[in-house]
There are 2 protein chains.
Amino acid sequence: MLIDEGLEILDEDECLRLLPTVPLGRVALSIGALPCIFPVNFAFIDGVIVFRTGSGTKLRAALDHAVVAFEVDAVDPIYHNGWSVQVVGVAEEFADGETDWTRRIPVAPWAPGPRTHFVRIHPEFVSGRRIARDDDRTLAP
Amino acid sequence: MLIDEGLEILDEDECLRLLPTVPLGRVALSIGALPCIFPVNFAFIDGVIVFRTGSGTKLRAALDHAVVAFEVDAVDPIYHNGWSVQVVGVAEEFADGETDWTRRIPVAPWAPGPRTHFVRIHPEFVSGRRIARDDDRTLAP
């Protein structure tokens, strides 16, 4: 087990196994030279992260073909166990119906209002950490 | 109530009220021109976000005097209600004991191993959104 400052380094297979086990991730990108994070509900299908956005031009323009970071985590606030997985890749807008699998993407928008734009991220770099403690209360899964 | 694509826009007072109600936030910054997100347990004291880091030189160097985004959220995965608050500011490393209040900062490290470096973020821009739904199951607080 590789340890980095008290954190177990997860291999890529384990990262990709953990990634779809939570419903919400966070996307980080730059908008107007300032860093920006926003939470999204997402799906992980055929190795690609997919989420919806509204037509807000600032976000859409910033997302399209930008290199973004996508992060998911699960942390137990009581026992302080948990893990986080991070993906870096190019975000790309695509049309609903462009491929067969868009029809079965389980990313119904949580907020009201139209969110008709799909964004996908192909993972280029995947990394993850788990809090490695002596006790064995590692957060499932 | 201001609405932006189905999301209620929170005013700064409400954002700053919500910010310390969760134990974990995410910091986004660029490391070597690539965006990066990492989760941190933090404290919000006297209007400043404070967290600890290890001595990992890459992260510490990248954080010091970088403009970063800091995000907290609380989302109910069943009812799909929730909110998120985002802060942008300059991150700055400081020494434990530099000010009186560092002695009472409740940011004990969750992971094992030394995390003796403190980082603070002075919020320059604060923004927040809440999922605005017709039903009244808005996530507390």
# chains A, B, ... in the order shown; residues from 1 in each chain; ligands from 1
$ residues_around --residues "Pro39 of chain B" --least-positions-apart "4" --cutoff "10 Å" --atoms "only C-alpha atoms" --output "short mmCIF file (atom, residue, chain, number, x, y, z; two decimals) with N, CA, C and O atoms, in the first residue's frame"
data_model
loop_
_atom_site.label_atom_id
_atom_site.label_comp_id
_atom_site.auth_asym_id
_atom_site.auth_seq_id
_atom_site.Cartn_x
_atom_site.Cartn_y
_atom_site.Cartn_z
N GLU A 71 -14.16 15.97 -9.24
CA GLU A 71 -13.80 15.30 -7.98
C GLU A 71 -15.04 14.73 -7.32
O GLU A 71 -16.11 15.35 -7.32
N VAL A 72 -14.90 13.53 -6.77
CA VAL A 72 -15.95 12.95 -5.93
C VAL A 72 -15.29 12.50 -4.63
O VAL A 72 -14.10 12.17 -4.60
N ASP A 73 -16.07 12.50 -3.57
CA ASP A 73 -15.52 12.03 -2.31
C ASP A 73 -16.64 11.51 -1.43
O ASP A 73 -17.82 11.75 -1.68
N ALA A 74 -16.26 10.76 -0.42
CA ALA A 74 -17.19 10.32 0.61
C ALA A 74 -16.40 10.34 1.91
O ALA A 74 -15.36 9.68 2.01
N VAL A 75 -16.88 11.12 2.85
CA VAL A 75 -16.15 11.28 4.10
C VAL A 75 -17.12 11.14 5.25
O VAL A 75 -18.23 11.68 5.21
N TRP A 83 -12.59 8.81 1.38
CA TRP A 83 -11.76 8.74 0.18
C TRP A 83 -12.15 9.88 -0.75
O TRP A 83 -13.24 10.46 -0.62
N SER A 84 -11.27 10.18 -1.66
CA SER A 84 -11.60 11.12 -2.73
C SER A 84 -10.93 10.66 -4.01
O SER A 84 -9.84 10.06 -3.97
N VAL A 85 -11.60 10.90 -5.11
CA VAL A 85 -11.09 10.54 -6.43
C VAL A 85 -11.17 11.77 -7.31
O VAL A 85 -12.15 12.52 -7.26
N LEU B 24 -16.70 19.92 5.83
CA LEU B 24 -15.76 19.63 4.75
C LEU B 24 -16.01 20.58 3.58
O LEU B 24 -17.14 20.81 3.19
N GLY B 25 -14.93 21.13 3.03
CA GLY B 25 -15.04 21.94 1.84
C GLY B 25 -14.08 21.43 0.78
O GLY B 25 -13.32 20.49 1.03
N ARG B 26 -14.14 22.01 -0.40
CA ARG B 26 -13.22 21.63 -1.48
C ARG B 26 -12.51 22.86 -1.97
O ARG B 26 -13.14 23.90 -2.20
N VAL B 27 -11.20 22.72 -2.17
CA VAL B 27 -10.38 23.81 -2.67
C VAL B 27 -10.01 23.49 -4.11
O VAL B 27 -9.60 22.36 -4.40
N ALA B 28 -10.15 24.46 -5.00
CA ALA B 28 -9.72 24.28 -6.39
C ALA B 28 -8.64 25.29 -6.70
O ALA B 28 -8.72 26.46 -6.34
N PHE B 70 -12.99 28.06 -3.11
CA PHE B 70 -13.33 27.18 -1.99
C PHE B 70 -14.84 26.99 -2.02
O PHE B 70 -15.59 27.96 -2.10
N GLU B 71 -15.27 25.74 -1.98
CA GLU B 71 -16.69 25.47 -2.14
C GLU B 71 -17.19 24.55 -1.04
O GLU B 71 -16.51 23.60 -0.66
N VAL B 72 -18.37 24.84 -0.52
CA VAL B 72 -19.05 23.93 0.40
C VAL B 72 -20.46 23.72 -0.13
O VAL B 72 -21.04 24.58 -0.79
#
$ select_by_dssp --residues "segment 26-77 of chain B" --states "helix (DSSP H, G or I)" --output "list in words"
Thr57, Lys58, Leu59, Arg60, Ala61, Ala62 and Leu63 of chain B
$ atom_distance --atom1 "atom CA of Val119 of chain B" --atom2 "atom CA of Leu10 of chain B"
26.3 Å
$ atom_distance --atom1 "atom CA of His65 of chain A" --atom2 "atom CA of Ala95 of chain A"
14.3 Å
$ select_by_dssp --residues "segment 7-73 of chain A" --states "strand (DSSP E or B)" --output "NGL selection string"
:A and (7-10 or 24-31 or 34-45 or 48-53 or 67-73)
$ write_last_selection --atoms "N, CA and C atoms" --output "mmCIF file, in the first residue's frame"
data_model
loop_
_atom_site.group_PDB
_atom_site.id
_atom_site.type_symbol
_atom_site.label_atom_id
_atom_site.label_comp_id
_atom_site.auth_asym_id
_atom_site.auth_seq_id
_atom_site.Cartn_x
_atom_site.Cartn_y
_atom_site.Cartn_z
ATOM 1 N N LEU A 7 -2.105 9.388 3.700
ATOM 2 C CA LEU A 7 -3.202 9.028 2.807
ATOM 3 C C LEU A 7 -2.764 7.875 1.908
ATOM 4 N N GLU A 8 -3.625 6.846 1.859
ATOM 5 C CA GLU A 8 -3.350 5.710 0.973
ATOM 6 C C GLU A 8 -3.607 6.142 -0.475
ATOM 7 N N ILE A 9 -2.670 5.880 -1.341
ATOM 8 C CA ILE A 9 -2.842 6.222 -2.753
ATOM 9 C C ILE A 9 -3.605 5.099 -3.444
ATOM 10 N N LEU A 10 -4.714 5.423 -4.060
ATOM 11 C CA LEU A 10 -5.547 4.418 -4.725
ATOM 12 C C LEU A 10 -5.098 4.231 -6.166
ATOM 13 N N LEU A 24 -23.071 12.792 -6.494
ATOM 14 C CA LEU A 24 -22.729 14.195 -6.720
ATOM 15 C C LEU A 24 -21.215 14.349 -6.842
ATOM 16 N N GLY A 25 -20.776 15.118 -7.836
ATOM 17 C CA GLY A 25 -19.373 15.445 -7.968
ATOM 18 C C GLY A 25 -19.201 16.944 -8.064
ATOM 19 N N ARG A 26 -17.973 17.385 -8.096
ATOM 20 C CA ARG A 26 -17.686 18.823 -8.247
ATOM 21 C C ARG A 26 -16.746 19.006 -9.426
ATOM 22 N N VAL A 27 -17.076 19.990 -10.238
ATOM 23 C CA VAL A 27 -16.262 20.322 -11.396
ATOM 24 C C VAL A 27 -15.526 21.618 -11.097
ATOM 25 N N ALA A 28 -14.238 21.647 -11.377
ATOM 26 C CA ALA A 28 -13.458 22.882 -11.219
ATOM 27 C C ALA A 28 -12.912 23.293 -12.574
ATOM 28 N N LEU A 29 -13.026 24.568 -12.856
ATOM 29 C CA LEU A 29 -12.475 25.123 -14.095
ATOM 30 C C LEU A 29 -12.206 26.596 -13.860
ATOM 31 N N SER A 30 -11.640 27.245 -14.849
ATOM 32 C CA SER A 30 -11.398 28.685 -14.748
ATOM 33 C C SER A 30 -12.443 29.425 -15.573
ATOM 34 N N ILE A 31 -13.005 30.473 -14.969
ATOM 35 C CA ILE A 31 -13.900 31.358 -15.713
ATOM 36 C C ILE A 31 -13.327 32.756 -15.583
ATOM 37 N N LEU A 34 -10.440 33.152 -13.146
ATOM 38 C CA LEU A 34 -10.662 32.836 -11.737
ATOM 39 C C LEU A 34 -11.125 31.390 -11.597
ATOM 40 N N PRO A 35 -10.600 30.697 -10.588
ATOM 41 C CA PRO A 35 -11.049 29.317 -10.393
ATOM 42 C C PRO A 35 -12.498 29.288 -9.929
ATOM 43 N N CYS A 36 -13.181 28.241 -10.278
ATOM 44 C CA CYS A 36 -14.608 28.117 -10.014
ATOM 45 C C CYS A 36 -14.929 26.646 -9.780
ATOM 46 N N ILE A 37 -15.741 26.368 -8.780
ATOM 47 C CA ILE A 37 -16.181 24.998 -8.504
ATOM 48 C C ILE A 37 -17.695 24.966 -8.547
ATOM 49 N N PHE A 38 -18.274 23.978 -9.181
ATOM 50 C CA PHE A 38 -19.708 23.823 -9.024
ATOM 51 C C PHE A 38 -20.083 22.354 -8.921
ATOM 52 N N PRO A 39 -21.041 22.072 -8.037
ATOM 53 C CA PRO A 39 -21.482 20.691 -7.837
ATOM 54 C C PRO A 39 -22.423 20.253 -8.957
ATOM 55 N N VAL A 40 -22.298 19.018 -9.382
ATOM 56 C CA VAL A 40 -23.198 18.463 -10.402
ATOM 57 C C VAL A 40 -23.580 17.033 -10.042
ATOM 58 N N ASN A 41 -24.822 16.670 -10.341
ATOM 59 C CA ASN A 41 -25.151 15.244 -10.327
ATOM 60 C C ASN A 41 -24.771 14.681 -11.686
ATOM 61 N N PHE A 42 -24.221 13.492 -11.671
ATOM 62 C CA PHE A 42 -23.566 12.998 -12.875
ATOM 63 C C PHE A 42 -23.821 11.509 -13.062
ATOM 64 N N ALA A 43 -23.489 11.026 -14.231
ATOM 65 C CA ALA A 43 -23.466 9.592 -14.501
ATOM 66 C C ALA A 43 -22.080 9.236 -15.022
ATOM 67 N N PHE A 44 -21.700 8.004 -14.832
ATOM 68 C CA PHE A 44 -20.403 7.517 -15.313
ATOM 69 C C PHE A 44 -20.703 6.318 -16.204
ATOM 70 N N ILE A 45 -20.671 6.545 -17.493
ATOM 71 C CA ILE A 45 -21.128 5.541 -18.450
ATOM 72 C C ILE A 45 -20.041 5.290 -19.483
ATOM 73 N N VAL A 48 -17.007 7.427 -19.247
ATOM 74 C CA VAL A 48 -17.112 8.866 -19.469
ATOM 75 C C VAL A 48 -18.030 9.477 -18.404
ATOM 76 N N ILE A 49 -17.623 10.618 -17.846
ATOM 77 C CA ILE A 49 -18.455 11.348 -16.890
ATOM 78 C C ILE A 49 -19.406 12.249 -17.681
ATOM 79 N N VAL A 50 -20.689 12.185 -17.357
ATOM 80 C CA VAL A 50 -21.686 12.966 -18.095
ATOM 81 C C VAL A 50 -22.557 13.733 -17.114
ATOM 82 N N PHE A 51 -22.802 14.999 -17.383
ATOM 83 C CA PHE A 51 -23.761 15.763 -16.582
ATOM 84 C C PHE A 51 -24.464 16.758 -17.476
ATOM 85 N N ARG A 52 -25.513 17.385 -16.927
ATOM 86 C CA ARG A 52 -26.278 18.373 -17.680
ATOM 87 C C ARG A 52 -25.951 19.779 -17.194
ATOM 88 N N THR A 53 -26.129 20.739 -18.048
ATOM 89 C CA THR A 53 -26.072 22.132 -17.612
ATOM 90 C C THR A 53 -27.231 22.881 -18.248
ATOM 91 N N VAL A 67 -10.013 22.191 -20.116
ATOM 92 C CA VAL A 67 -9.479 21.157 -19.230
ATOM 93 C C VAL A 67 -10.049 21.422 -17.837
ATOM 94 N N VAL A 68 -10.732 20.430 -17.309
ATOM 95 C CA VAL A 68 -11.385 20.606 -16.018
ATOM 96 C C VAL A 68 -10.958 19.496 -15.068
ATOM 97 N N ALA A 69 -11.144 19.765 -13.795
ATOM 98 C CA ALA A 69 -10.983 18.711 -12.782
ATOM 99 C C ALA A 69 -12.372 18.322 -12.308
ATOM 100 N N PHE A 70 -12.540 17.035 -12.072
ATOM 101 C CA PHE A 70 -13.813 16.516 -11.559
ATOM 102 C C PHE A 70 -13.478 15.688 -10.324
ATOM 103 N N GLU A 71 -14.157 15.967 -9.241
ATOM 104 C CA GLU A 71 -13.803 15.298 -7.981
ATOM 105 C C GLU A 71 -15.040 14.726 -7.317
ATOM 106 N N VAL A 72 -14.903 13.532 -6.775
ATOM 107 C CA VAL A 72 -15.947 12.946 -5.934
ATOM 108 C C VAL A 72 -15.288 12.504 -4.630
ATOM 109 N N ASP A 73 -16.066 12.503 -3.572
ATOM 110 C CA ASP A 73 -15.522 12.028 -2.306
ATOM 111 C C ASP A 73 -16.642 11.506 -1.432
#
$ atom_distance --atom1 "atom CA of Leu19 of chain B" --atom2 "atom CA of Pro23 of chain A"
21.6 Å
$ closest_residue --among "B:Gly128, B:Gly54, B:Pro123, B:Pro20" --to "chain A" --atoms "only C-alpha atoms"
B:Gly54
